[in-house]
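Some notes on the structure that comes next.
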Amino acid sequence: MTGVAVNDIRRVEISSASATGGVFLSDLAFQDSAVGKGGPTTLPQVSIEGTTVNEGDGPGTATVTLKLSEASRVPVTASVQTLAGTGTQIANAAQQVVIEPGRTEVAVKVPVQGDTVPETTTDTVYKVFVVAPVNAVVGQDFAHITVHDDDPAS
């Protein structure tokens with residue numbers, strides 16, 4: 001952030017750069033609400049990593065990973081949210097996750113609903129987000145879960 005006095009930000013205005021652009025409020029993080037008390041954060045970044053799984057024929061799971069940029073001396077809490085979109089194997093959901101002090105990552109299981117019906121596409125891609133961290137700031141805020149259809153064509 002060259003040229004920005006991070007300890008003297010008085011106003012933040014969020015606007016879309018294009019018709020399809022956007023911003024997440026989690027892109028902003030404040031440690032103190034007082035003007036002039038800002039500065040670079042000393043909190044670790046929490047990021048999410050995606051995965052690819054086979055659909056299966058019934059209930060299963062996909063495991064994504066939350067990672068900290070460095071170990072924390074206090075518990076880090078964040079919410080992991082899935083966005084179903086047009087797919088049917090993963091539902092919109094959210095779950096609270098805790099990364100214990102001294103740890104740098106945790107595996108998070110996301111329910112996957114498999115079936116025996118061949119899909120029109122081989123893979124369905126879902127977005128998964130990490131949001132609302134406590135004792136950390138957001139690093140990589142989203143990833144993908146790719147569900148591979150393993151049913152043979154009829």
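Ordered as shown in the structure tokens, chains take letters A, B, and onward, while each chain numbers its residues from 1 and ligands are numbered from 1 in the order shown.
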
Spatial neighbours of Gly85 (chain A), 10 Å, only C-alpha atoms, chain gap at least 2 places, as a list in words: Thr82, Leu83, Gly87, Thr88, Ile90, Ala91, Asn92, Thr124, Val125, Tyr126 and Lys127 of chain A

Can you tell me which residues surround Leu68 (chain A) at a distance of at most 8 Å, considering only C-alpha atoms, apart from same-chain residues fewer than 4 positions away, and format the answer as a PyMOL selection string? chain A and resi 44-47+104-105

Could you dump the residues just selected with C-alpha atoms as a JSON list (two decimals), in the first residue's frame?
[["chain", "number", "residue", "atom", "x", "y", "z"],
["A", 44, "PRO", "CA", -1.76, -14.06, 11.64],
["A", 45, "GLN", "CA", -3.62, -14.52, 8.34],
["A", 46, "VAL", "CA", -6.13, -17.36, 8.07],
["A", 47, "SER", "CA", -6.52, -18.85, 4.58],
["A", 104, "THR", "CA", -1.14, -23.67, 12.13],
["A", 105, "GLU", "CA", -3.88, -25.61, 10.39]]

Spatial neighbours of region 63-67 of chain A, max dist 12 Å, only C-alpha atoms, sep filter under 4 positions, as a PyMOL selection string: chain A and resi 44-54+71-72+76-82+96-100+103-112+126-131+133+136-147

Restrict the selected residues to N, CA and C atoms and save them as a short mmCIF file (atom, residue, chain, number, x, y, z; two decimals), in the first residue's frame.
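Printed below is again28.cif as written:
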data_model
loop_
_atom_site.label_atom_id
_atom_site.label_comp_id
_atom_site.auth_asym_id
_atom_site.auth_seq_id
_atom_site.Cartn_x
_atom_site.Cartn_y
_atom_site.Cartn_z
N PRO A 44 -2.03 -13.16 12.76
CA PRO A 44 -1.76 -14.06 11.64
C PRO A 44 -2.90 -14.00 10.61
N GLN A 45 -2.59 -14.40 9.38
CA GLN A 45 -3.62 -14.52 8.34
C GLN A 45 -4.17 -15.94 8.36
N VAL A 46 -5.49 -16.06 8.21
CA VAL A 46 -6.13 -17.36 8.07
C VAL A 46 -6.59 -17.49 6.62
N SER A 47 -6.19 -18.60 5.98
CA SER A 47 -6.52 -18.85 4.58
C SER A 47 -7.17 -20.21 4.44
N ILE A 48 -7.87 -20.40 3.32
CA ILE A 48 -8.55 -21.67 3.07
C ILE A 48 -8.00 -22.30 1.79
N GLU A 49 -7.85 -23.62 1.82
CA GLU A 49 -7.39 -24.38 0.65
C GLU A 49 -8.48 -25.37 0.25
N GLY A 50 -8.74 -25.46 -1.03
CA GLY A 50 -9.79 -26.33 -1.55
C GLY A 50 -9.33 -27.76 -1.75
N THR A 51 -10.20 -28.53 -2.42
CA THR A 51 -9.91 -29.95 -2.63
C THR A 51 -10.76 -30.47 -3.80
N THR A 52 -10.46 -31.67 -4.24
CA THR A 52 -11.25 -32.39 -5.25
C THR A 52 -11.60 -33.75 -4.67
N VAL A 53 -12.87 -34.15 -4.79
CA VAL A 53 -13.32 -35.45 -4.28
C VAL A 53 -14.20 -36.13 -5.30
N ASN A 54 -14.27 -37.45 -5.22
CA ASN A 54 -15.25 -38.20 -6.01
C ASN A 54 -16.60 -38.07 -5.33
N ALA A 71 1.74 -19.58 13.80
CA ALA A 71 1.01 -20.06 14.98
C ALA A 71 0.60 -18.89 15.85
N SER A 72 -0.55 -19.03 16.49
CA SER A 72 -1.07 -18.01 17.39
C SER A 72 -0.96 -18.51 18.83
N VAL A 76 -7.78 -19.21 17.45
CA VAL A 76 -8.29 -18.46 16.30
C VAL A 76 -9.59 -19.12 15.88
N THR A 77 -10.65 -18.32 15.79
CA THR A 77 -11.96 -18.82 15.40
C THR A 77 -12.34 -18.18 14.07
N ALA A 78 -12.94 -18.97 13.18
CA ALA A 78 -13.42 -18.45 11.90
C ALA A 78 -14.61 -19.29 11.47
N SER A 79 -15.37 -18.76 10.53
CA SER A 79 -16.50 -19.48 9.97
C SER A 79 -16.15 -19.95 8.57
N VAL A 80 -16.47 -21.19 8.27
CA VAL A 80 -16.30 -21.75 6.93
C VAL A 80 -17.69 -21.86 6.32
N GLN A 81 -17.87 -21.24 5.16
CA GLN A 81 -19.18 -21.22 4.50
C GLN A 81 -19.07 -21.82 3.11
N THR A 82 -20.06 -22.63 2.75
CA THR A 82 -20.12 -23.20 1.41
C THR A 82 -21.24 -22.53 0.63
N GLN A 96 -18.59 -23.14 12.43
CA GLN A 96 -17.56 -22.44 13.20
C GLN A 96 -16.39 -23.38 13.39
N VAL A 97 -15.17 -22.87 13.20
CA VAL A 97 -13.97 -23.68 13.31
C VAL A 97 -12.99 -22.98 14.24
N VAL A 98 -12.30 -23.76 15.08
CA VAL A 98 -11.30 -23.21 16.00
C VAL A 98 -9.95 -23.84 15.67
N ILE A 99 -8.94 -22.98 15.51
CA ILE A 99 -7.55 -23.43 15.39
C ILE A 99 -6.91 -23.18 16.76
N GLU A 100 -6.52 -24.24 17.41
CA GLU A 100 -6.01 -24.16 18.78
C GLU A 100 -4.66 -23.45 18.83
N ARG A 103 -1.10 -24.30 16.92
CA ARG A 103 -1.37 -25.04 15.66
C ARG A 103 -1.39 -24.05 14.50
N THR A 104 -1.10 -24.53 13.31
CA THR A 104 -1.14 -23.67 12.13
C THR A 104 -2.17 -24.10 11.10
N GLU A 105 -2.85 -25.21 11.34
CA GLU A 105 -3.88 -25.61 10.39
C GLU A 105 -4.88 -26.56 11.05
N VAL A 106 -6.04 -26.65 10.39
CA VAL A 106 -7.08 -27.57 10.85
C VAL A 106 -7.85 -28.06 9.61
N ALA A 107 -8.19 -29.34 9.62
CA ALA A 107 -8.99 -29.93 8.55
C ALA A 107 -10.47 -29.70 8.86
N VAL A 108 -11.23 -29.31 7.84
CA VAL A 108 -12.65 -29.05 8.00
C VAL A 108 -13.42 -29.95 7.05
N LYS A 109 -14.32 -30.74 7.59
CA LYS A 109 -15.11 -31.66 6.76
C LYS A 109 -16.39 -30.98 6.30
N VAL A 110 -16.63 -31.04 4.99
CA VAL A 110 -17.82 -30.47 4.37
C VAL A 110 -18.67 -31.63 3.84
N PRO A 111 -19.94 -31.73 4.23
CA PRO A 111 -20.78 -32.83 3.75
C PRO A 111 -20.97 -32.79 2.23
N VAL A 112 -20.89 -33.97 1.60
CA VAL A 112 -21.12 -34.13 0.16
C VAL A 112 -22.21 -35.18 -0.01
N TYR A 126 -17.74 -25.91 -6.49
CA TYR A 126 -18.42 -25.13 -5.45
C TYR A 126 -17.42 -24.19 -4.81
N LYS A 127 -17.89 -23.04 -4.34
CA LYS A 127 -17.03 -22.11 -3.61
C LYS A 127 -17.17 -22.35 -2.11
N VAL A 128 -16.05 -22.23 -1.41
CA VAL A 128 -16.03 -22.33 0.04
C VAL A 128 -15.22 -21.13 0.54
N PHE A 129 -15.73 -20.48 1.59
CA PHE A 129 -15.15 -19.24 2.09
C PHE A 129 -14.73 -19.37 3.54
N VAL A 130 -13.72 -18.59 3.94
CA VAL A 130 -13.41 -18.39 5.35
C VAL A 130 -13.76 -16.93 5.65
N VAL A 131 -14.58 -16.72 6.69
CA VAL A 131 -15.06 -15.38 7.02
C VAL A 131 -15.06 -15.18 8.54
N PRO A 133 -13.05 -13.99 11.01
CA PRO A 133 -12.07 -14.53 11.96
C PRO A 133 -11.98 -13.71 13.23
N ALA A 136 -7.36 -13.26 14.17
CA ALA A 136 -6.64 -13.39 12.90
C ALA A 136 -7.30 -12.46 11.90
N VAL A 137 -6.65 -12.27 10.77
CA VAL A 137 -7.25 -11.55 9.64
C VAL A 137 -7.33 -12.51 8.47
N VAL A 138 -8.20 -12.20 7.52
CA VAL A 138 -8.40 -13.08 6.37
C VAL A 138 -7.23 -12.93 5.40
N GLY A 139 -6.69 -14.06 4.97
CA GLY A 139 -5.69 -14.11 3.91
C GLY A 139 -6.39 -14.47 2.61
N GLN A 140 -6.23 -15.72 2.16
CA GLN A 140 -6.97 -16.23 0.98
C GLN A 140 -8.37 -16.57 1.47
N ASP A 141 -9.36 -15.79 1.00
CA ASP A 141 -10.70 -15.90 1.59
C ASP A 141 -11.61 -16.94 0.95
N PHE A 142 -11.26 -17.45 -0.24
CA PHE A 142 -12.10 -18.50 -0.81
C PHE A 142 -11.27 -19.52 -1.56
N ALA A 143 -11.86 -20.67 -1.75
CA ALA A 143 -11.25 -21.76 -2.50
C ALA A 143 -12.38 -22.52 -3.19
N HIS A 144 -12.03 -23.59 -3.87
CA HIS A 144 -13.03 -24.40 -4.57
C HIS A 144 -13.02 -25.83 -4.06
N ILE A 145 -14.21 -26.39 -4.00
CA ILE A 145 -14.36 -27.84 -3.82
C ILE A 145 -14.89 -28.34 -5.15
N THR A 146 -14.11 -29.23 -5.78
CA THR A 146 -14.53 -29.82 -7.05
C THR A 146 -15.04 -31.23 -6.76
N VAL A 147 -16.29 -31.48 -7.12
CA VAL A 147 -16.90 -32.80 -6.93
C VAL A 147 -16.93 -33.49 -8.29
#

Residues within 10 Å of Pro59 (chain A), only C-alpha atoms, excluding chain neighbours under 4 positions, as a count of residues only: 7

In Å, rounded to a single decimal, give me how far CA of Thr86 (chain A) is from CA of His148 (chain A). 15.0 Å
